[in-house]
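Working notes for the structure below.
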Amino acid sequence: MFAVPEEAQPFRRLLRERGDRPQRLDFHDEPWSNRAWSFAGGQIWISGMGKRNATLALDQALARRPTLVLTCGFAGGLNPALPTATVMVDAEPEFPWLSRLTKAGAVPSRFCCADRVAVTPADKTALRRETGADAVEMESGVIRDACRVRGIPAATVRVISDAADESLPLDFGALMTPDDRIDFGKLACALIRSPAKIPQLLRFQRRVSHAANALAQVLASVFSDAGPGSVSN
């Protein structure tokens, strides 16, 4: 399960390259028909950002009775020792794929699940001090809790998109709609008001793309080791 399509695209591309082309799941109603795919090893879901959207998507996904769940995507770095594009994992010790994930390069880490985007190094330092976490994201906590209640093994597998000492080019939290989606009208207005932010945003997009590729490599390795049909989500 990913929050946004950009997090999942490199993984879907690697699946296609190995001959396992993800197919859209068949739903009779929107929006899930454009946000969920099946492949030989499992399913890919795009939940949308934030706890509310993650909960709605998870209700749909868990109705298909998955064997286990991976909540994946970007995270903001809180631990100064972890650079951008570091892939991290958090799971209970008995999680069946934990050793496979660490063997693929994921670093055991602690996450905090926040309600807002951490924009500045000061924001991240405060979260690090408050929680002791290595990274912050906005969906995995609620996904893991729901899976725990249902007895479904779950793990958080995230990649650092912005390190602890890096500011985001924009306050993305201020650009969100009430249902936690990017308001592209607000984004355009922000860039018109501050055109100097455009090169910063482009550099950030390149870093994010690199991070997404690093995450995809780990996930592709894990699913390759698992073999076809070993997990339903």
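Within each chain, counting starts at residue 1; across the structure tokens, chains are named A, B, ... in the order shown, with ligands numbered 1 upward in that order.
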*Within 7 Å of segment 138-154 of chain A, counting only C-alpha atoms, which residues qualify if same-chain residues fewer than 2 places away don't, as a count of residues only?*
17
*All residues 6 Å or closer to segment 210-214 of chain A, only C-alpha atoms, same chain fewer than 2 positions away omitted, as JSON, numbers by chain*: {"A": [7, 10, 85, 161, 207, 208, 216, 217]}
Can you write just those residues out, C-alpha atoms, as a PDB file, in the first residue's frame?
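Once everything was written out, this is again.pdb:
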ATOM      1  CA  GLU A   7       5.769   6.260  -4.687  1.00  0.00           C
ATOM      2  CA  PRO A  10       9.132   2.672 -10.052  1.00  0.00           C
ATOM      3  CA  ALA A  85      17.130   7.468  -0.228  1.00  0.00           C
ATOM      4  CA  SER A 161      12.616  11.607   0.629  1.00  0.00           C
ATOM      5  CA  ARG A 207      15.690  13.577  -5.086  1.00  0.00           C
ATOM      6  CA  VAL A 208      12.241  12.086  -4.598  1.00  0.00           C
ATOM      7  CA  ALA A 216      11.421  -0.067  -5.656  1.00  0.00           C
ATOM      8  CA  GLN A 217      14.703  -1.989  -5.786  1.00  0.00           C
TER       9      GLN A 217
END
_Selected residue of minimal separation from Leu25 of chain A among A:Asp90, A:Ser109, A:Trp37, A:Pro199, counting only C-alpha atoms_ =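 The shortest atom-to-atom distance to Leu25 of chain A comes from A:Trp37.
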*Got a sec to tell me which of segment 13-220 of chain A DSSP assigns to helix (DSSP H, G or I), as a ChimeraX atom specification?*
/A:13-17,32-34,50-62,98-103,121-131,140-150,172-175,184-193,197-220
*A:Leu168, A:Ser47, A:Glu94, A:Arg21: which is nearest Asp59 of chain A, counting only C-alpha atoms?*
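Once distances to Asp59 of chain A are computed over only C-alpha atoms, the minimum belongs to A:Ser47.
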*Step one, run DSSP on the backbone; step two, keep only residues of segment 15-205 of chain A assigned to strand (DSSP E); then write them as a ChimeraX atom specification.*
/A:23-24,36-39,42-45,69-77,87-91,107-108,111-113,135-137,154-162
Write out as an mmCIF file with N, CA and C atoms, in the first residue's frame which residues come within 7 Å of segment 130-132 of chain A when counting only C-alpha atoms, dropping same-chain ones fewer than 3 positions away.
data_model
loop_
_atom_site.group_PDB
_atom_site.id
_atom_site.type_symbol
_atom_site.label_atom_id
_atom_site.label_comp_id
_atom_site.auth_asym_id
_atom_site.auth_seq_id
_atom_site.Cartn_x
_atom_site.Cartn_y
_atom_site.Cartn_z
ATOM 1 N N CYS A 112 7.329 7.613 13.300
ATOM 2 C CA CYS A 112 6.159 8.205 13.935
ATOM 3 C C CYS A 112 5.181 8.596 12.828
ATOM 4 N N ALA A 126 12.281 18.729 16.483
ATOM 5 C CA ALA A 126 11.289 18.667 17.548
ATOM 6 C C ALA A 126 10.611 17.294 17.580
ATOM 7 N N LEU A 127 10.280 16.741 16.422
ATOM 8 C CA LEU A 127 9.656 15.422 16.371
ATOM 9 C C LEU A 127 10.616 14.343 16.856
#
*Tell me which protein, DNA and RNA residues are within 7 Å of Gly73 of chain A, counting only C-alpha atoms, leaving out same-chain ones fewer than 3 positions away, and put them as a PyMOL selection string.*
chain A and resi 2-3+7+158-159
Since we have the selection now, will you write its residues out, keeping C-alpha atoms, as a CSV table (one decimal), in the first residue's frame?
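Full text of result29.csv as output:
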chain,number,residue,atom,x,y,z
A,2,PHE,CA,1.3,3.4,-1.1
A,3,ALA,CA,0.0,6.9,-0.4
A,7,GLU,CA,5.8,6.3,-4.7
A,158,ARG,CA,9.6,3.6,3.7
A,159,VAL,CA,12.3,5.6,2.0
*asked:* What's around Ile160 of chain A at 6 Å? Count only C-alpha atoms, leave out sequence neighbours fewer than 5 positions away in its own chain, and write the answer as a PyMOL selection string.
replied: chain A and resi 74-77+84-86
Writer output for current selection, N, CA and C atoms, as a CSV table (one decimal), in the first residue's frame:
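What ended up in out_27.csv:
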chain,number,residue,atom,x,y,z
A,74,PHE,N,7.2,7.3,0.9
A,74,PHE,CA,8.1,8.3,1.4
A,74,PHE,C,8.0,8.5,2.9
A,75,ALA,N,9.1,9.0,3.5
A,75,ALA,CA,9.1,9.5,4.8
A,75,ALA,C,10.1,10.6,5.0
A,76,GLY,N,9.8,11.5,5.9
A,76,GLY,CA,10.7,12.6,6.2
A,76,GLY,C,11.8,12.1,7.2
A,77,GLY,N,13.0,12.4,7.0
A,77,GLY,CA,14.1,11.9,7.9
A,77,GLY,C,14.1,12.7,9.2
A,84,THR,N,19.1,10.9,2.6
A,84,THR,CA,18.0,10.7,1.6
A,84,THR,C,18.3,9.4,0.8
A,85,ALA,N,17.2,8.7,0.5
A,85,ALA,CA,17.1,7.5,-0.2
A,85,ALA,C,17.5,6.3,0.6
A,86,THR,N,17.6,6.5,2.0
A,86,THR,CA,17.7,5.3,2.8
A,86,THR,C,16.4,4.6,2.9
_Selected residue of minimal separation from Gln60 of chain A among A:Trp45, A:Phe11, A:Phe223, A:Trp97, counting only C-alpha atoms_ =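 Counting only C-alpha atoms, the residue closest to Gln60 of chain A is A:Trp45.
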